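Visitor: coords_19.cif (mmCIF, C-alpha atoms) pasted underneath:
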data_query
loop_
_atom_site.label_atom_id
_atom_site.label_comp_id
_atom_site.auth_asym_id
_atom_site.auth_seq_id
_atom_site.Cartn_x
_atom_site.Cartn_y
_atom_site.Cartn_z
CA MET A 12 0.00 0.00 0.00
CA ILE A 13 1.26 3.48 -0.80
CA MET A 14 0.33 4.86 2.63
CA ASP A 15 1.97 1.93 4.45
CA ALA A 16 5.24 1.38 2.64
CA PRO A 17 7.00 -1.87 3.60
CA GLN A 18 10.58 -1.87 4.78
CA ARG A 19 13.35 -3.82 3.09
CA LYS A 20 13.61 -7.42 4.18
CA ASP A 21 16.88 -6.79 6.03
CA GLY A 22 15.24 -3.89 7.90
CA SER A 23 17.79 -1.38 6.62
CA TRP A 24 15.31 1.10 5.17
CA TRP A 25 18.01 3.76 5.14
CA ARG A 26 19.88 1.82 2.44
CA SER A 27 17.04 2.06 -0.05
CA LEU A 28 17.46 4.09 -3.22
CA SER A 29 14.37 6.14 -2.33
CA VAL A 30 15.90 7.30 0.96
CA VAL A 31 19.27 7.97 -0.68
CA TRP A 32 17.49 10.08 -3.30
CA MET A 33 15.69 12.00 -0.55
CA LEU A 34 19.07 12.85 0.96
CA VAL A 35 20.40 13.97 -2.43
CA LEU A 36 17.40 16.27 -2.94
CA THR A 37 17.80 17.64 0.59
CA VAL A 38 21.44 18.54 -0.02
CA CYS A 39 20.53 20.18 -3.34
CA PHE A 40 17.68 22.14 -1.76
CA ALA A 41 19.94 23.36 1.04
CA ALA A 42 22.54 24.47 -1.49
CA GLU A 43 19.82 26.22 -3.50
CA GLN A 44 18.64 28.13 -0.43
CA VAL A 45 22.17 29.31 0.34
CA VAL A 46 23.41 30.12 -3.16
CA VAL A 47 20.28 31.20 -5.01
CA VAL A 48 18.09 32.62 -2.24
CA HIS A 49 20.51 34.11 0.30
CA LEU A 50 23.53 34.91 -1.88
CA GLU A 51 21.23 35.84 -4.79
CA LYS A 52 23.36 34.01 -7.37
CA PRO A 53 20.92 32.97 -10.14
CA TYR A 54 22.61 29.70 -10.99
CA ASP A 55 19.22 28.03 -11.15
CA ALA A 56 18.76 29.78 -14.51
CA TYR A 57 21.37 27.40 -15.94
CA PHE A 58 20.01 24.22 -14.40
CA ALA A 59 16.20 24.57 -14.19
CA LEU A 60 14.26 23.64 -17.33
CA SER A 61 13.43 26.65 -19.49
CA GLY A 62 12.69 27.66 -23.05
CA TYR A 63 15.76 29.87 -23.09
CA GLY A 64 17.91 26.95 -21.96
CA MET A 65 16.51 24.64 -24.62
CA LYS A 66 16.96 27.31 -27.29
CA SER A 67 20.55 27.80 -26.14
CA GLY A 68 21.33 24.08 -26.27
CA HIS A 69 21.49 23.52 -22.50
CA LEU A 70 20.43 19.89 -22.81
CA TRP A 71 21.64 19.07 -19.31
CA GLU A 72 18.57 20.93 -18.04
CA LEU A 73 16.50 17.90 -19.12
CA PHE A 74 18.14 16.11 -16.17
CA THR A 75 19.18 18.80 -13.67
CA TYR A 76 15.77 20.49 -13.28
CA GLN A 77 14.66 17.72 -10.95
CA PHE A 78 17.15 18.86 -8.28
CA PHE A 79 15.64 22.36 -7.91
CA HIS A 80 12.40 23.29 -6.11
CA THR A 81 10.41 26.50 -6.05
CA GLY A 82 9.96 26.51 -2.28
CA TRP A 83 9.55 24.56 0.93
CA ILE A 84 6.05 23.28 0.14
CA GLN A 85 7.02 21.75 -3.20
CA PHE A 86 10.16 20.29 -1.65
CA ALA A 87 8.29 18.77 1.32
CA VAL A 88 5.55 17.28 -0.87
CA ASN A 89 8.11 15.63 -3.13
CA LEU A 90 10.02 14.20 -0.18
CA ALA A 91 6.78 12.77 1.22
CA GLY A 92 6.08 11.22 -2.19
CA LEU A 93 9.46 9.48 -2.20
CA TRP A 94 9.00 8.29 1.37
CA PHE A 95 5.61 6.69 0.79
CA LEU A 96 5.31 5.99 -2.94
CA GLY A 97 9.01 5.58 -3.70
CA ARG A 98 9.67 3.03 -0.96
CA THR A 99 6.51 1.12 -1.84
CA CYS A 100 7.53 0.86 -5.50
CA GLU A 101 11.09 -0.09 -4.60
CA ALA A 102 9.90 -2.88 -2.30
CA GLN A 103 7.70 -4.23 -5.09
CA TRP A 104 10.00 -3.80 -8.11
CA GLY A 105 13.54 -3.43 -6.81
CA SER A 106 15.91 -0.47 -6.96
CA ARG A 107 16.96 -0.91 -10.59
CA ARG A 108 13.46 -0.81 -12.02
CA LEU A 109 12.57 2.07 -9.72
CA LEU A 110 15.50 4.07 -11.09
CA VAL A 111 14.64 3.27 -14.72
CA ILE A 112 11.00 4.32 -14.37
CA TYR A 113 11.76 7.39 -12.24
CA GLN A 114 14.48 8.78 -14.48
CA GLY A 115 12.64 7.72 -17.65
CA ALA A 116 9.70 9.82 -16.53
CA VAL A 117 11.98 12.75 -15.64
CA LEU A 118 13.53 12.70 -19.12
CA ALA A 119 10.30 12.12 -21.06
CA GLY A 120 8.46 14.86 -19.19
CA ALA A 121 11.31 17.32 -19.71
CA ILE A 122 11.49 16.57 -23.43
CA LEU A 123 7.75 17.13 -23.82
CA GLN A 124 7.82 20.44 -21.95
CA GLY A 125 11.05 21.50 -23.63
CA LEU A 126 9.64 20.90 -27.12
CA ALA A 127 6.52 22.90 -26.26
CA ALA A 128 8.72 25.76 -25.03
CA LEU A 129 10.82 25.64 -28.18
CA GLY A 130 7.63 25.81 -30.23
CA GLY A 131 7.06 29.25 -28.76
CA PHE A 132 10.26 30.43 -30.42
CA TRP A 133 10.10 28.42 -33.65
CA ILE A 134 6.50 29.00 -34.73
CA PRO A 135 6.25 31.52 -37.62
CA GLU A 136 5.27 35.11 -36.89
CA SER A 137 1.94 34.53 -38.61
CA LEU A 138 1.01 32.36 -35.61
CA GLU A 139 2.38 34.71 -32.98
CA SER A 140 -0.70 34.31 -30.77
CA VAL A 141 -0.06 30.56 -30.51
CA ALA A 142 3.67 31.11 -29.95
CA SER A 143 2.91 33.60 -27.19
CA VAL A 144 0.73 31.09 -25.35
CA LEU A 145 3.44 28.44 -25.57
CA ARG A 146 6.09 30.81 -24.25
CA ASP A 147 3.88 32.01 -21.40
CA ARG A 148 2.88 28.48 -20.34
CA PHE A 149 6.06 26.46 -20.89
CA ALA A 150 9.11 28.66 -21.51
CA GLU A 151 9.56 29.96 -17.96
CA MET A 152 11.99 28.20 -15.63
CA ALA A 153 10.40 25.01 -14.29
CA SER A 154 11.78 22.69 -11.66
CA GLY A 155 10.91 19.91 -9.23
CA SER A 156 11.28 16.17 -8.73
CA SER A 157 7.52 15.58 -8.95
CA VAL A 158 7.80 14.51 -12.62
CA GLY A 159 9.65 11.36 -11.57
CA LEU A 160 7.00 10.71 -8.92
CA CYS A 161 4.32 10.99 -11.61
CA GLY A 162 6.09 8.22 -13.49
CA LEU A 163 6.18 6.03 -10.39
CA LEU A 164 2.50 6.70 -9.68
CA ALA A 165 1.44 5.77 -13.21
CA ALA A 166 3.57 2.61 -13.20
CA TYR A 167 2.32 1.58 -9.77
CA CYS A 168 -1.31 2.11 -10.75
CA GLY A 169 -0.73 0.29 -14.04
CA MET A 170 0.79 -2.74 -12.33
CA ASN A 171 -1.85 -2.77 -9.58
CA SER A 172 -4.86 -1.71 -11.62
CA ASN A 173 -7.41 -3.67 -9.57
CA THR A 174 -5.89 -3.03 -6.15
CA PRO A 175 -6.80 -0.11 -3.86
CA ILE A 176 -3.84 2.27 -3.77
CA SER A 177 -4.15 3.10 -0.07
CA PRO A 178 -6.24 2.36 3.03
CA LEU A 179 -6.99 6.10 3.18
CA ALA A 180 -7.91 6.25 -0.51
CA PRO A 181 -9.71 3.00 -1.37
CA LEU A 182 -9.56 3.76 -5.09
CA LYS A 183 -8.41 1.06 -7.51
CA GLY A 184 -5.22 1.73 -9.39
CA LYS A 185 -6.85 2.05 -12.79
CA TYR A 186 -9.25 4.72 -11.57
CA ALA A 187 -6.49 6.58 -9.71
CA LEU A 188 -4.48 6.58 -12.95
CA TRP A 189 -7.34 8.08 -14.97
CA LEU A 190 -7.84 10.69 -12.25
CA ALA A 191 -4.15 11.62 -12.29
CA LEU A 192 -4.11 11.88 -16.09
CA GLY A 193 -7.26 14.00 -16.07
CA LEU A 194 -5.85 16.40 -13.49
CA ALA A 195 -2.57 16.65 -15.41
CA VAL A 196 -4.40 17.58 -18.62
CA LEU A 197 -6.56 20.08 -16.71
CA PHE A 198 -3.52 21.83 -15.21
CA VAL A 199 -1.88 21.99 -18.64
CA LEU A 200 -4.93 23.69 -20.13
CA ILE A 201 -5.60 26.08 -17.22
CA PRO A 202 -3.00 28.84 -16.66
CA SER A 203 -1.21 28.47 -13.35
CA THR A 204 2.21 28.97 -11.77
CA PRO A 205 4.71 28.85 -14.68
CA ARG A 206 7.50 27.29 -12.58
CA LEU A 207 5.47 24.13 -12.01
CA PRO A 208 6.14 21.79 -14.98
CA HIS A 209 2.56 20.68 -15.60
CA LEU A 210 3.19 19.46 -19.14
CA ALA A 211 6.19 17.54 -17.85
CA HIS A 212 3.92 15.96 -15.22
CA LEU A 213 1.70 14.68 -18.02
CA GLY A 214 4.73 13.38 -19.89
CA GLY A 215 5.97 11.66 -16.74
CA LEU A 216 2.64 9.90 -16.23
CA LEU A 217 2.60 8.68 -19.82
CA ALA A 218 6.22 7.51 -19.60
CA GLY A 219 5.56 5.60 -16.38
CA LEU A 220 2.56 3.91 -17.93
CA LEU A 221 4.59 2.96 -20.99
CA LEU A 222 7.55 1.64 -19.00
CA CYS A 223 5.34 -0.63 -16.88
CA ARG A 224 3.57 -2.24 -19.85
CA GLY A 225 4.01 -5.97 -20.10
CA ARG A 226 5.50 -6.20 -16.62
CA THR A 227 4.10 -7.82 -13.52
CA PRO A 228 4.75 -6.77 -9.95
CA GLY A 229 7.96 -8.14 -8.51
CA LYS A 230 11.61 -7.33 -8.29
CA ALA A 231 13.78 -7.23 -11.38
#
As structure tokens, what does this structure read like?
Guide:
Amino acid sequence: MIMDAPQRKDGSWWRSLSVVWMLVLTVCFAAEQVVVVHLEKPYDAYFALSGYGMKSGHLWELFTYQFFHTGWIQFAVNLAGLWFLGRTCEAQWGSRRLLVIYQGAVLAGAILQGLAALGGFWIPESLESVASVLRDRFAEMASGSSVGLCGLLAAYCGMNSNTPISPLAPLKGKYALWLALGLAVLFVLIPSTPRLPHLAHLGGLLAGLLLCRGRTPGKA
């Protein structure tokens, strides 16, 4: 169950990839608070995902954006997701498959959002109204590790389609997946905070669903 994540068989929960990744994100967030917030050095402009970065060929942003967060709330929510959902998935699939699905979703979501941002610069001037919408929605700096969590959620729901996802949310996996996809599409269509990668969230969900196809629960 997502809300009651099992420990590793040897009891060493602190050795799990999910917990290690939480520590990595914590170190990155602390560094971000010191360098970007307090010292006011805008290095996040070179590592968060943005239309300017994609246009400039900063392809590393497709990977590094996951290590930056817009604030304490986003950071805390993503840590909670890794603690509950990440450990549950790792116990069911193993660390290697967890890493493949998580990072596959991170990359797929970033590519989708990056291409949409580039469209805002590449579309001909005759379609400037469309280009303007794309730039406003997807070209701003976006960051967060939630895209990888979207991939894990979609894969978990896909592999456990007829199982309730949590004692607190007795909703079968297949219905939870449709709900997550619907919300992702809704947030893409409705203007909201530009720094939240909503299109990347949708891409992460689709990638997680694709990566879990043809697989059954169990460790790799």
Visitor: Using the chain letters and numbers from the file, give me the residues hit by the PyMOL selection byres ((chain A and resi 96) around 12), as an MDAnalysis selection string.
Guide: chainID A and resid 12:17 29:30 88:95 97:103 109 113 157 159:168 176:177
Visitor: Name the residues captured by the PyMOL selection byres ((chain A and resi 223) around 9) when it is applied to the shown file; answer as a PyMOL selection string.
Guide: chain A and resi 112+165-167+169-170+218-222+224-227
Visitor: Those residues you just picked out, can you put them in a file as a PDB file, in the coordinates of the input with C-alpha atoms?
Guide:
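As written to disk, result08.pdb reads:
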ATOM      1  CA  ILE A 112      11.000   4.320 -14.370  1.00  0.00           C
ATOM      2  CA  ALA A 165       1.440   5.770 -13.210  1.00  0.00           C
ATOM      3  CA  ALA A 166       3.570   2.610 -13.200  1.00  0.00           C
ATOM      4  CA  TYR A 167       2.320   1.580  -9.770  1.00  0.00           C
ATOM      5  CA  GLY A 169      -0.730   0.290 -14.040  1.00  0.00           C
ATOM      6  CA  MET A 170       0.790  -2.740 -12.330  1.00  0.00           C
ATOM      7  CA  ALA A 218       6.220   7.510 -19.600  1.00  0.00           C
ATOM      8  CA  GLY A 219       5.560   5.600 -16.380  1.00  0.00           C
ATOM      9  CA  LEU A 220       2.560   3.910 -17.930  1.00  0.00           C
ATOM     10  CA  LEU A 221       4.590   2.960 -20.990  1.00  0.00           C
ATOM     11  CA  LEU A 222       7.550   1.640 -19.000  1.00  0.00           C
ATOM     12  CA  ARG A 224       3.570  -2.240 -19.850  1.00  0.00           C
ATOM     13  CA  GLY A 225       4.010  -5.970 -20.100  1.00  0.00           C
ATOM     14  CA  ARG A 226       5.500  -6.200 -16.620  1.00  0.00           C
ATOM     15  CA  THR A 227       4.100  -7.820 -13.520  1.00  0.00           C
TER      16      THR A 227
END
Visitor: Ranking A:Asp55, A:Met152, A:Trp133, A:Trp104 by minimum distance to A:Asn171 and counting all atoms listed in the file, which one comes first?
Guide: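 The closest residue to A:Asn171 is A:Trp104.
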Visitor: Taking the file as shown, what set of residues would the PyMOL selection byres ((chain A and resi 63) around 9) give back, as a list in words?
Guide: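 Taken over the shown coordinates, the PyMOL selection byres ((chain A and resi 63) around 9) returns Leu60, Ser61, Gly62, Gly64, Met65, Lys66, Ser67, Gly68, His69, Ala128, Leu129, Ala150, Glu151 and Met152 of chain A.
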Visitor: Could you please determine the separation between atom CA of A:Phe78 and atom CA of A:Val38 in Å, to one decimal place?
Guide: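 So the two atoms, atom CA of A:Phe78 and atom CA of A:Val38, lie 9.3 Å apart.
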Visitor: Report, as lines of an AutoDock Vina configuration file, the centre and edge lengths in Å (one decimal) of the axis-aligned box enclosing every listed atom of stretch 132-141 of chain A, padded by 6 Å on each side.
Guide:
center_x = 4.8
center_y = 31.8
center_z = -34.5
size_x = 23.0
size_y = 18.7
size_z = 20.2
Visitor: For the structure just given, write the atoms of stretch 41-140 of chain A, namely C-alpha atoms, as a compact mmCIF listing (two decimals), in the first residue's frame.
Guide:
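Result file is part02.txt:
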# COMPACT_ATOMS: atom_id res chain seq x y z
CA ALA A 41 19.94 23.36 1.04
CA ALA A 42 22.54 24.47 -1.49
CA GLU A 43 19.82 26.22 -3.50
CA GLN A 44 18.64 28.13 -0.43
CA VAL A 45 22.17 29.31 0.34
CA VAL A 46 23.41 30.12 -3.16
CA VAL A 47 20.28 31.20 -5.01
CA VAL A 48 18.09 32.62 -2.24
CA HIS A 49 20.51 34.11 0.30
CA LEU A 50 23.53 34.91 -1.88
CA GLU A 51 21.23 35.84 -4.79
CA LYS A 52 23.36 34.01 -7.37
CA PRO A 53 20.92 32.97 -10.14
CA TYR A 54 22.61 29.70 -10.99
CA ASP A 55 19.22 28.03 -11.15
CA ALA A 56 18.76 29.78 -14.51
CA TYR A 57 21.37 27.40 -15.94
CA PHE A 58 20.01 24.22 -14.40
CA ALA A 59 16.20 24.57 -14.19
CA LEU A 60 14.26 23.64 -17.33
CA SER A 61 13.43 26.65 -19.49
CA GLY A 62 12.69 27.66 -23.05
CA TYR A 63 15.76 29.87 -23.09
CA GLY A 64 17.91 26.95 -21.96
CA MET A 65 16.51 24.64 -24.62
CA LYS A 66 16.96 27.31 -27.29
CA SER A 67 20.55 27.80 -26.14
CA GLY A 68 21.33 24.08 -26.27
CA HIS A 69 21.49 23.52 -22.50
CA LEU A 70 20.43 19.89 -22.81
CA TRP A 71 21.64 19.07 -19.31
CA GLU A 72 18.57 20.93 -18.04
CA LEU A 73 16.50 17.90 -19.12
CA PHE A 74 18.14 16.11 -16.17
CA THR A 75 19.18 18.80 -13.67
CA TYR A 76 15.77 20.49 -13.28
CA GLN A 77 14.66 17.72 -10.95
CA PHE A 78 17.15 18.86 -8.28
CA PHE A 79 15.64 22.36 -7.91
CA HIS A 80 12.40 23.29 -6.11
CA THR A 81 10.41 26.50 -6.05
CA GLY A 82 9.96 26.51 -2.28
CA TRP A 83 9.55 24.56 0.93
CA ILE A 84 6.05 23.28 0.14
CA GLN A 85 7.02 21.75 -3.20
CA PHE A 86 10.16 20.29 -1.65
CA ALA A 87 8.29 18.77 1.32
CA VAL A 88 5.55 17.28 -0.87
CA ASN A 89 8.11 15.63 -3.13
CA LEU A 90 10.02 14.20 -0.18
CA ALA A 91 6.78 12.77 1.22
CA GLY A 92 6.08 11.22 -2.19
CA LEU A 93 9.46 9.48 -2.20
CA TRP A 94 9.00 8.29 1.37
CA PHE A 95 5.61 6.69 0.79
CA LEU A 96 5.31 5.99 -2.94
CA GLY A 97 9.01 5.58 -3.70
CA ARG A 98 9.67 3.03 -0.96
CA THR A 99 6.51 1.12 -1.84
CA CYS A 100 7.53 0.86 -5.50
CA GLU A 101 11.09 -0.09 -4.60
CA ALA A 102 9.90 -2.88 -2.30
CA GLN A 103 7.70 -4.23 -5.09
CA TRP A 104 10.00 -3.80 -8.11
CA GLY A 105 13.54 -3.43 -6.81
CA SER A 106 15.91 -0.47 -6.96
CA ARG A 107 16.96 -0.91 -10.59
CA ARG A 108 13.46 -0.81 -12.02
CA LEU A 109 12.57 2.07 -9.72
CA LEU A 110 15.50 4.07 -11.09
CA VAL A 111 14.64 3.27 -14.72
CA ILE A 112 11.00 4.32 -14.37
CA TYR A 113 11.76 7.39 -12.24
CA GLN A 114 14.48 8.78 -14.48
CA GLY A 115 12.64 7.72 -17.65
CA ALA A 116 9.70 9.82 -16.53
CA VAL A 117 11.98 12.75 -15.64
CA LEU A 118 13.53 12.70 -19.12
CA ALA A 119 10.30 12.12 -21.06
CA GLY A 120 8.46 14.86 -19.19
CA ALA A 121 11.31 17.32 -19.71
CA ILE A 122 11.49 16.57 -23.43
CA LEU A 123 7.75 17.13 -23.82
CA GLN A 124 7.82 20.44 -21.95
CA GLY A 125 11.05 21.50 -23.63
CA LEU A 126 9.64 20.90 -27.12
CA ALA A 127 6.52 22.90 -26.26
CA ALA A 128 8.72 25.76 -25.03
CA LEU A 129 10.82 25.64 -28.18
CA GLY A 130 7.63 25.81 -30.23
CA GLY A 131 7.06 29.25 -28.76
CA PHE A 132 10.26 30.43 -30.42
CA TRP A 133 10.10 28.42 -33.65
CA ILE A 134 6.50 29.00 -34.73
CA PRO A 135 6.25 31.52 -37.62
CA GLU A 136 5.27 35.11 -36.89
CA SER A 137 1.94 34.53 -38.61
CA LEU A 138 1.01 32.36 -35.61
CA GLU A 139 2.38 34.71 -32.98
CA SER A 140 -0.70 34.31 -30.77
